[in-house]
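S.K.: If you scroll down you'll find the structure; I have some questions about it.
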Amino acid sequence: MSQANNGVQIEDLAPEHFHDQAKAALADPQLRQNFRGAMDYLTDKRKIAFSDPTEEKRIRDLSAAIRQRSLSKLPDLLEQLETNCTNNGIQVHWAETTEQANSIIAGIAGQHNAKNIIKGKSMVSEEIELNHEMEKLGIECLESDMGEYIVQLDGDKPSHIIMPAIHKNKQEVSDTFEKHLDDFTPTVDVDELIKTGRTRLRKKFHDADIGLSGVNFAVAETGTLCLVENEGNGRMCTTVPNVHIAITGIEKVVEFLSDVPPLYSALTRSATGQAITTYFNMISSPRRAGELDGPEEVHLVLLDNGRTQAFADEEMRQTLQCIRCGACMNHCPVYTRIGGHAYGTTYPGPIGQIISPHMMGLDNTKDLVTASSLCGACGEVCPVNIPIPEMLQRLRQEAKNSPKNNRPAIKGQAAAASRIELLAMKGFAFAASHPSLYHLGSWSATKMRSLMPSKIGPWTQCRTAPKPAGKTLHQLIKARKQGQKS
Amino acid sequence: MSSARNAILSRLRDAKPEAKAMETIIYQPWVSEDEKVITERFIAGLSASHAEVISTSHKALSKLIEEVAVGKQLEHIALGTSGEFHEHIIQATKSLKTVFFDNDIKDWKSSLFNNVDAGITHCRAGIADTGTLVLWPDVSEPRTLSLVPPCHIALIKRSTIVSNFAELMEMQAWQNNMPTNIVLVSGPSKTADIQQTLAYGAHGPSQLVVILIEDM
């Protein structure tokens with residue numbers, strides 16, 4: 001177990017403790033500096049990558065349309081994907097829960113008597129806590145993405161979906177290596193640090209029994225799994241070991257192969273401001289007859305874990321358009337200040353705030369949906385036009401109230417409901433619909449304005465208390481009308 | 001676990017999604033008719049991604065490959081077993097230590113990982129827009145040939161370079177016949193995972209040498 005965010009134990013991080021975690025993060029100047037620097041860098045890179053606003057609008061509209069169209073046919077496309085993958089020789093598995101996903105993977109590992117899994121980057125594998133679950137079975141899961149490797153060495157968790165070790169600077173990475181790796185000479189030379197990771201991991205690629213990866217786009221038309229990366233570890237994991245397991249959320253399907261190029265361009269430019277990544281890997285089958293390398297078996301695990309709940313409601317369904325670029329985090333004033341760990345969820349930042357309630361329930365995540373200034377930056381940069389601020393407002397409502405208009409209930413619905421708040425709102429609604437009562441209320445408020453206390457709980461911690469005006473709006477308008485007449 | 005499958009699909013169908021039609025949004029990735037402009041953009045993109053691009057003619061190809069290998073002190077080179085320029089490659093490397101990738105990887109995995117300095121492959125196509133090579137590994141040029149050795153030498157014909165990815169896919173109707181694996185490569189392996197500082201040679205090749213054969 002290690003420490004992050006000033007004494008908050010990593011394994012204890014949970015969305016229920018959001019307020020404490022955020023407070024701790026805010027009090028850590030090094031952490032804030034690391035995030036500030038990284039977010040400024042990524043924001044600038046994205047701005048350069050989308051230098052023509054007309055072109056930017058077109059590619060975002062097109063990407064959003066592709067994702068919406070694919071989602072609108074999701075059940076059919078999942079079946080088509082399954083058929084085409086199966087015809088290509090890829091074995092398809094379905095998991096409703098994280099437990100099921102882990103047991104499928106454990107089953108495959110068991111069949112091969114596998115002891116070592118080498119992993120490419122996969123947020124879904126974080127979601128199911130694969131490493132932890134496999135460790136219980138005596139199977140080692142080793143992260144091979146440089147950032148993930150650093151984070152794993154420390155017993156830490158990723159704090160960003162694209163740059164997992166973004167919360168550490170190079171000195172801290174050197175400290176991590178020094179603590180965990182034999183024969184490592186401390187250095188802040190990034191090339192040397194990367195070389196260290198490369199050397200240690202190369203042997204692991206060579207020896208691993210199973211390679212595990214995520215999926216960026218799964219193409220229904222051809223049964224193809226697409227993987228986006230820069231390092232080459234994804235290619236290693238999916239090529240060198242004898243078995244490849246890919247795991248993905250059910251929403252990652254696209255209808256046609258031709259849907260891929262625009263989405264890929266939108267993804268890389270939004271994520272890191274790159275026109276293209278070093279590698280784009282399209283895997284359609286296990287090793288075919290005569291081929292001399294590549295896995296003999298390829299498995300695809302399709303995970304639900306709350307995604308069907310998000311799908312059930314047309315508005316919430318937009319959450320599933322996400323292509324996991326991380327741009328919303330990079331532009332979020334809250335994320336930039338508190339970092340990814342404070343959220344206590346696999347997916348931090350704005351996208352995490354709208355997807356986590358479906359995965360973990362509103363009872364666990366009710367504080368998360370309030371952690372936004374609703375400035376709109378996340379929605380403005382989203383490459384697939386997800387209206388994140390609107391979704392946050394919707395989830396805030398669902399956290400406070402029972403489902404409305406025959407909408408399907410959300411796990412943990414109304415978890416943040418407060419009786420006092422409800423009574424107060426009901427009281428106000430009654431007063432506002434009864435004019436004499438309303439006038440009496442507003443008249444007495446103006447008369448008794450001097451009685452307003454100067455401290456009203458948390459509101460006045462960093463604000464001055466509001467004071468009712470000397471005259472009500474009705475009085476002011478009346479006076480004005482009289483003035484006009486005379 | 002077919003019960004999971006059915007439960008997931010039925011929950012999705014219960015939502016009664018209304019199938020949306022294909023939208024006609026005008027999106028045009030970078031495109032040019034001018035061969036010179038296409039070549040320039042291709043070279044500029046790859047060079048910006050830290051690849052070395054060297055142009056040559058058919059005739060000078062063997063000599064150039066040899067010069068690259070000798071100049072970079074590549075001692076052990078892995079080769080495929082066929083391809084349009086296979087004879088040129090053999091000619092170029094005859095004074096060097098070479099190994100043909102003609103056995104199952106499990107028979108020589110350690111040697112591939114530990115002893116080989118470079119792998120030479122052909123490219124199926126190039127994408128000018130982003131400076132990208134398209135690899136189409138097969139029986140004669142396996143997937144790890146361009147991945148495991150620290151240096152990758154890629155041969156590409158000028159005539160195979162197109163404007164953009166979407167155009168290439170459409171032109172060659174990829175959807176009708178996908179191979180085991182297609183890889184788009186745009187430079188040597190890299191990472192910026194440590195303090196946003198770019199470093200090359202993360203896990204794949206740290207050097208990418210692109211030999212552009214002027215065949216037009």
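By convention in this document, the chains of the structure tokens carry letters A, B, ... by their order, each chain's residues are numbered from 1, and ligands are numbered from 1 in the order they are shown.
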Set the distance at 10 Å and use only C-alpha atoms: which residues neighbour A:Arg202 once local chain neighbours fewer than 3 positions away are removed? I'd like the list as a PyMOL selection string.
M.R.: (chain A and resi 144+197-199+205-207+233+236) or (chain B and resi 113-114+148+203-204)
S.K.: Just the residues within 12 Å of B:Ser95, please, counting only C-alpha atoms, with nothing from its chain fewer than 4 positions along; format it as a list in words.
M.R.: Ser62, Lys63, Ile65, Glu66, Glu67, Ala69, Val70, Leu74, Glu75, His76, Ile77, Ile89, Ile90 and Gln91 of chain B
S.K.: Restrict the selected residues to N, CA, C and O atoms and save them as a tab-separated table (two decimals), in the first residue's frame.
M.R.:
```tsv
chain	number	residue	atom	x	y	z
B	62	SER	N	20.00	-1.66	-53.58
B	62	SER	CA	20.85	-2.60	-52.85
B	62	SER	C	21.99	-1.89	-52.15
B	62	SER	O	22.27	-2.10	-50.97
B	63	LYS	N	22.61	-1.01	-52.91
B	63	LYS	CA	23.77	-0.30	-52.37
B	63	LYS	C	23.35	0.55	-51.16
B	63	LYS	O	24.06	0.61	-50.15
B	65	ILE	N	20.75	0.11	-49.09
B	65	ILE	CA	20.45	-0.72	-47.91
B	65	ILE	C	21.75	-1.11	-47.21
B	65	ILE	O	21.88	-1.04	-45.99
B	66	GLU	N	22.73	-1.48	-48.03
B	66	GLU	CA	24.01	-1.89	-47.47
B	66	GLU	C	24.66	-0.72	-46.72
B	66	GLU	O	25.15	-0.88	-45.60
B	67	GLU	N	24.61	0.45	-47.32
B	67	GLU	CA	25.19	1.64	-46.67
B	67	GLU	C	24.52	1.93	-45.33
B	67	GLU	O	25.18	2.26	-44.35
B	69	ALA	N	22.95	-0.21	-43.38
B	69	ALA	CA	23.29	-1.26	-42.42
B	69	ALA	C	24.72	-1.06	-41.89
B	69	ALA	O	24.96	-1.14	-40.68
B	70	VAL	N	25.62	-0.78	-42.79
B	70	VAL	CA	27.02	-0.61	-42.38
B	70	VAL	C	27.16	0.67	-41.55
B	70	VAL	O	27.76	0.68	-40.48
B	74	LEU	N	24.73	-2.19	-37.99
B	74	LEU	CA	23.76	-3.25	-37.73
B	74	LEU	C	24.42	-4.57	-38.11
B	74	LEU	O	24.69	-4.82	-39.28
B	75	GLU	N	24.69	-5.38	-37.12
B	75	GLU	CA	25.45	-6.60	-37.41
B	75	GLU	C	24.57	-7.78	-37.78
B	75	GLU	O	24.85	-8.50	-38.72
B	76	HIS	N	23.52	-7.96	-37.00
B	76	HIS	CA	22.63	-9.09	-37.27
B	76	HIS	C	21.30	-8.58	-37.80
B	76	HIS	O	20.61	-7.84	-37.12
B	77	ILE	N	20.97	-9.00	-39.01
B	77	ILE	CA	19.75	-8.49	-39.63
B	77	ILE	C	18.81	-9.64	-39.95
B	77	ILE	O	19.22	-10.68	-40.47
B	89	ILE	N	17.38	-7.01	-51.28
B	89	ILE	CA	17.73	-7.08	-49.85
B	89	ILE	C	18.82	-8.13	-49.64
B	89	ILE	O	19.80	-7.90	-48.92
B	90	ILE	N	18.68	-9.26	-50.32
B	90	ILE	CA	19.68	-10.32	-50.18
B	90	ILE	C	21.04	-9.84	-50.69
B	90	ILE	O	22.06	-10.01	-50.03
B	91	GLN	N	20.97	-9.19	-51.82
B	91	GLN	CA	22.20	-8.64	-52.42
B	91	GLN	C	22.87	-7.67	-51.44
B	91	GLN	O	24.08	-7.71	-51.22
```
S.K.: Identify, on the basis of only C-alpha atoms, every residue whose closest approach to stretch 85-95 of chain A does not exceed 7 Å; exclude the query and any residue fewer than 5 positions from it along the same chain; express the result as a compact mmCIF listing (two decimals) with all heavy atoms, in the first residue's frame.
M.R.:
```txt
# COMPACT_ATOMS: atom_id res chain seq x y z
N GLN A 100 -17.84 -11.58 -13.40
CA GLN A 100 -17.91 -12.50 -14.55
C GLN A 100 -16.72 -12.32 -15.48
O GLN A 100 -16.14 -13.28 -15.97
CB GLN A 100 -19.21 -12.28 -15.33
CG GLN A 100 -20.42 -12.94 -14.69
CD GLN A 100 -21.71 -12.63 -15.46
OE1 GLN A 100 -21.68 -12.11 -16.57
NE2 GLN A 100 -22.84 -12.96 -14.85
N ALA A 101 -16.34 -11.05 -15.70
CA ALA A 101 -15.22 -10.79 -16.61
C ALA A 101 -13.95 -11.42 -16.05
O ALA A 101 -13.19 -12.07 -16.78
CB ALA A 101 -15.04 -9.28 -16.78
N GLY A 223 -15.21 -7.71 -37.94
CA GLY A 223 -14.72 -8.43 -36.77
C GLY A 223 -13.28 -8.07 -36.45
O GLY A 223 -12.46 -8.94 -36.20
N SER A 284 -7.57 -8.88 -36.75
CA SER A 284 -8.81 -9.51 -37.21
C SER A 284 -8.90 -11.00 -36.93
O SER A 284 -9.97 -11.59 -37.10
CB SER A 284 -9.02 -9.28 -38.71
OG SER A 284 -9.11 -7.90 -38.97
N SER A 285 -7.79 -11.62 -36.53
CA SER A 285 -7.87 -13.06 -36.28
C SER A 285 -6.63 -13.55 -35.56
O SER A 285 -5.62 -12.85 -35.51
CB SER A 285 -8.01 -13.82 -37.60
OG SER A 285 -6.75 -14.00 -38.20
N PRO A 286 -6.70 -14.74 -34.99
CA PRO A 286 -5.47 -15.34 -34.48
C PRO A 286 -4.57 -15.76 -35.66
O PRO A 286 -4.98 -15.60 -36.82
CB PRO A 286 -5.96 -16.56 -33.70
CG PRO A 286 -7.36 -16.80 -34.10
CD PRO A 286 -7.88 -15.57 -34.76
N VAL A 298 -7.12 -15.91 -29.91
CA VAL A 298 -7.51 -14.54 -29.55
C VAL A 298 -8.90 -14.59 -28.93
O VAL A 298 -9.80 -15.25 -29.46
CB VAL A 298 -7.49 -13.60 -30.77
CG1 VAL A 298 -7.97 -12.20 -30.38
CG2 VAL A 298 -6.10 -13.50 -31.39
N HIS A 299 -9.04 -13.96 -27.77
CA HIS A 299 -10.32 -13.90 -27.07
C HIS A 299 -10.78 -12.45 -26.96
O HIS A 299 -9.95 -11.56 -26.78
CB HIS A 299 -10.18 -14.46 -25.64
CG HIS A 299 -9.80 -15.90 -25.60
ND1 HIS A 299 -10.74 -16.90 -25.47
CD2 HIS A 299 -8.60 -16.52 -25.69
CE1 HIS A 299 -10.12 -18.09 -25.47
NE2 HIS A 299 -8.82 -17.87 -25.60
N LEU A 300 -12.07 -12.25 -27.06
CA LEU A 300 -12.64 -10.91 -26.85
C LEU A 300 -13.66 -10.99 -25.73
O LEU A 300 -14.60 -11.78 -25.80
CB LEU A 300 -13.31 -10.42 -28.14
CG LEU A 300 -14.09 -9.10 -28.03
CD1 LEU A 300 -13.17 -7.94 -27.71
CD2 LEU A 300 -14.86 -8.81 -29.33
N VAL A 301 -13.44 -10.20 -24.68
CA VAL A 301 -14.40 -10.17 -23.57
C VAL A 301 -15.20 -8.87 -23.65
O VAL A 301 -14.61 -7.78 -23.64
CB VAL A 301 -13.67 -10.26 -22.20
CG1 VAL A 301 -14.68 -10.26 -21.05
CG2 VAL A 301 -12.77 -11.48 -22.13
N LEU A 302 -16.53 -9.01 -23.76
CA LEU A 302 -17.41 -7.84 -23.85
C LEU A 302 -18.05 -7.60 -22.49
O LEU A 302 -18.75 -8.46 -21.97
CB LEU A 302 -18.51 -8.09 -24.89
CG LEU A 302 -18.03 -8.31 -26.33
CD1 LEU A 302 -19.16 -8.87 -27.19
CD2 LEU A 302 -17.51 -7.00 -26.92
N LEU A 303 -17.80 -6.42 -21.91
CA LEU A 303 -18.27 -6.14 -20.55
C LEU A 303 -19.40 -5.13 -20.52
O LEU A 303 -19.36 -4.10 -21.19
CB LEU A 303 -17.09 -5.61 -19.72
CG LEU A 303 -17.42 -5.19 -18.28
CD1 LEU A 303 -17.76 -6.40 -17.41
CD2 LEU A 303 -16.28 -4.39 -17.66
N ASP A 304 -20.41 -5.44 -19.70
CA ASP A 304 -21.52 -4.50 -19.48
C ASP A 304 -21.18 -3.58 -18.30
O ASP A 304 -20.87 -2.41 -18.48
CB ASP A 304 -22.81 -5.29 -19.22
CG ASP A 304 -24.00 -4.39 -18.92
OD1 ASP A 304 -23.81 -3.16 -18.79
OD2 ASP A 304 -25.13 -4.90 -18.79
N MET B 1 -20.55 -17.94 -21.54
CA MET B 1 -21.62 -17.52 -20.64
C MET B 1 -22.76 -16.90 -21.44
O MET B 1 -22.88 -15.69 -21.59
CB MET B 1 -21.05 -16.50 -19.65
CG MET B 1 -21.57 -16.71 -18.25
SD MET B 1 -20.72 -15.69 -17.06
CE MET B 1 -19.30 -16.71 -16.67
N ALA B 4 -25.33 -14.41 -19.88
CA ALA B 4 -24.88 -13.01 -19.82
C ALA B 4 -25.14 -12.34 -21.16
O ALA B 4 -25.64 -11.21 -21.22
CB ALA B 4 -23.39 -12.95 -19.47
N ARG B 5 -24.83 -13.06 -22.22
CA ARG B 5 -25.04 -12.53 -23.57
C ARG B 5 -26.51 -12.14 -23.77
O ARG B 5 -26.83 -11.02 -24.19
CB ARG B 5 -24.63 -13.60 -24.58
CG ARG B 5 -24.91 -13.26 -26.01
CD ARG B 5 -24.62 -14.47 -26.90
NE ARG B 5 -24.67 -14.09 -28.29
CZ ARG B 5 -25.79 -14.07 -29.00
NH1 ARG B 5 -26.95 -14.40 -28.43
NH2 ARG B 5 -25.77 -13.71 -30.27
```
S.K.: Which residue gives the smallest distance to A:Phe311 among A:Ser122, A:Glu251, A:Glu56, A:Leu130, with only C-alpha atoms counted?
M.R.: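 Of A:Ser122, A:Glu251, A:Glu56, A:Leu130, the one nearest A:Phe311 is A:Glu251, counting only C-alpha atoms.
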S.K.: Taking 6 positions as the minimum chain separation for residues in the same chain, which residues sit within 10 Å of B:Asn103 when counting only C-alpha atoms? Answer as a ChimeraX atom specification.
M.R.: /A:290-293 /B:109
S.K.: Could you tell me which of A:Leu26, A:Ala414, A:Ile276, A:Val243 comes closest to B:Leu133 if we count only C-alpha atoms?
M.R.: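 Ranking A:Leu26, A:Ala414, A:Ile276, A:Val243 by distance to B:Leu133, first place goes to A:Ile276.
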S.K.: So, counting only C-alpha atoms, which residue among B:Met216, B:Val183, B:Leu112, B:Ala192 is closest to chain A?
M.R.: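 Using only C-alpha atoms, the shortest distance to chain A belongs to B:Val183.
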S.K.: Counting only C-alpha atoms, what is within 12 Å of B:Thr197, bar same-chain residues fewer than 2 positions away, as a list in words?
M.R.: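 The residues that qualify are Gly37, Ala38, Tyr41, Leu42, Met163, Ile166, Asn169, Lys170, Val188, Asp189, Val190, Asp191, Glu192, Leu193 and Ile194 of chain A; Lys190, Thr191, Ala192, Asp193, Ile194, Gln195, Ala199 and Tyr200 of chain B.
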S.K.: When distances are computed from only C-alpha atoms, which of A:Glu79, A:Asp183, A:Glu99, A:Glu380 shows the smallest separation from chain B?
M.R.: A:Glu79
S.K.: If you run DSSP on this backbone, which residues of chain B come out as helix (DSSP H, G or I), and could you give them as an MDAnalysis selection string?
M.R.: chainID B and resid 2:14 35:48 61:71 86:92 105:114 143:146 158:160 165:171 174:176
S.K.: Give the strand (DSSP E) residues of stretch 169-244 of chain A, as assigned by DSSP on the backbone, as a VMD selection string.
M.R.: chain A and resid 210 to 213 217 to 219 224 to 229 243 to 244
S.K.: Keeping N, CA, C and O atoms for every residue in the selection just given, could you write it to a file as a compact mmCIF listing (two decimals), in the first residue's frame?
M.R.:
```txt
# COMPACT_ATOMS: atom_id res chain seq x y z
N ILE A 210 0.34 -15.01 -21.51
CA ILE A 210 -0.84 -14.37 -22.10
C ILE A 210 -0.58 -12.88 -22.24
O ILE A 210 0.05 -12.27 -21.38
N GLY A 211 -1.06 -12.30 -23.34
CA GLY A 211 -1.01 -10.84 -23.50
C GLY A 211 -2.43 -10.32 -23.40
O GLY A 211 -3.35 -10.91 -23.96
N LEU A 212 -2.61 -9.25 -22.66
CA LEU A 212 -3.97 -8.71 -22.51
C LEU A 212 -3.98 -7.25 -22.96
O LEU A 212 -3.05 -6.50 -22.68
N SER A 213 -5.04 -6.87 -23.68
CA SER A 213 -5.12 -5.48 -24.15
C SER A 213 -6.55 -4.98 -24.03
O SER A 213 -7.47 -5.76 -23.81
N PHE A 217 -11.51 0.59 -30.91
CA PHE A 217 -12.71 0.46 -31.74
C PHE A 217 -12.84 -1.01 -32.13
O PHE A 217 -11.87 -1.63 -32.53
N ALA A 218 -14.06 -1.56 -32.00
CA ALA A 218 -14.32 -2.92 -32.47
C ALA A 218 -15.23 -2.79 -33.69
O ALA A 218 -16.32 -2.23 -33.59
N VAL A 219 -14.77 -3.28 -34.83
CA VAL A 219 -15.51 -3.07 -36.07
C VAL A 219 -16.44 -4.24 -36.35
O VAL A 219 -15.99 -5.37 -36.60
N THR A 224 -12.98 -6.77 -36.49
CA THR A 224 -11.61 -6.30 -36.29
C THR A 224 -11.49 -5.50 -35.00
O THR A 224 -12.36 -4.68 -34.69
N LEU A 225 -10.40 -5.73 -34.26
CA LEU A 225 -10.14 -4.98 -33.04
C LEU A 225 -9.04 -3.96 -33.33
O LEU A 225 -7.97 -4.33 -33.80
N CYS A 226 -9.31 -2.68 -33.05
CA CYS A 226 -8.33 -1.64 -33.34
C CYS A 226 -7.72 -1.11 -32.05
O CYS A 226 -8.43 -0.85 -31.09
N LEU A 227 -6.41 -0.96 -32.08
CA LEU A 227 -5.68 -0.50 -30.90
C LEU A 227 -4.78 0.68 -31.25
O LEU A 227 -4.03 0.62 -32.21
N VAL A 228 -4.88 1.73 -30.44
CA VAL A 228 -4.14 2.97 -30.68
C VAL A 228 -3.03 3.09 -29.63
O VAL A 228 -3.31 2.99 -28.45
N GLU A 229 -1.80 3.30 -30.07
CA GLU A 229 -0.71 3.43 -29.09
C GLU A 229 0.53 4.06 -29.70
O GLU A 229 0.66 4.14 -30.92
N VAL A 243 -1.31 -16.45 -26.38
CA VAL A 243 -2.74 -16.16 -26.22
C VAL A 243 -2.92 -14.65 -26.07
O VAL A 243 -2.16 -14.01 -25.34
N HIS A 244 -3.88 -14.09 -26.78
CA HIS A 244 -4.21 -12.68 -26.63
C HIS A 244 -5.65 -12.58 -26.14
O HIS A 244 -6.55 -13.14 -26.74
```
S.K.: Using only C-alpha atoms, can you tell me which of A:Gln30, A:Ser125, A:Thr308, A:Ser450 comes closest to chain B?
M.R.: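 The closest residue to chain B is A:Thr308.
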S.K.: Smallest atom-to-atom distance to chain B: which of A:Glu96, A:Glu140, A:Asp20, A:Asp154, using only C-alpha atoms?
M.R.: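 The answer is A:Glu96, which sits nearest to chain B.
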S.K.: Do a neighbour search on B:Ala128 at 10 Å with only C-alpha atoms, toss out local chain neighbours closer than 6 positions, and write the hits as a short mmCIF file (atom, residue, chain, number, x, y, z; two decimals) with C-alpha atoms, in the first residue's frame.
M.R.:
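part.cif, freshly written:
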```cif
data_model
loop_
_atom_site.label_atom_id
_atom_site.label_comp_id
_atom_site.auth_asym_id
_atom_site.auth_seq_id
_atom_site.Cartn_x
_atom_site.Cartn_y
_atom_site.Cartn_z
CA TRP B 30 -5.95 16.24 -46.31
CA VAL B 31 -5.85 15.50 -50.03
CA SER B 32 -3.73 16.42 -53.03
CA VAL B 37 3.16 17.67 -52.81
CA ILE B 38 2.13 14.18 -51.68
CA THR B 39 5.74 13.01 -51.47
CA GLU B 40 6.82 16.12 -49.62
CA ARG B 41 4.07 15.78 -47.05
CA PHE B 42 4.80 12.09 -46.55
CA ILE B 43 8.49 12.75 -45.94
CA ALA B 44 7.85 15.77 -43.74
CA GLY B 45 5.40 13.84 -41.55
CA LEU B 46 7.70 10.87 -41.05
CA ILE B 161 1.58 6.58 -51.34
CA VAL B 162 -1.93 8.01 -51.18
CA SER B 163 -3.34 11.20 -49.65
CA ASN B 164 -5.12 9.86 -46.59
CA PHE B 165 -6.15 6.78 -44.58
#
```
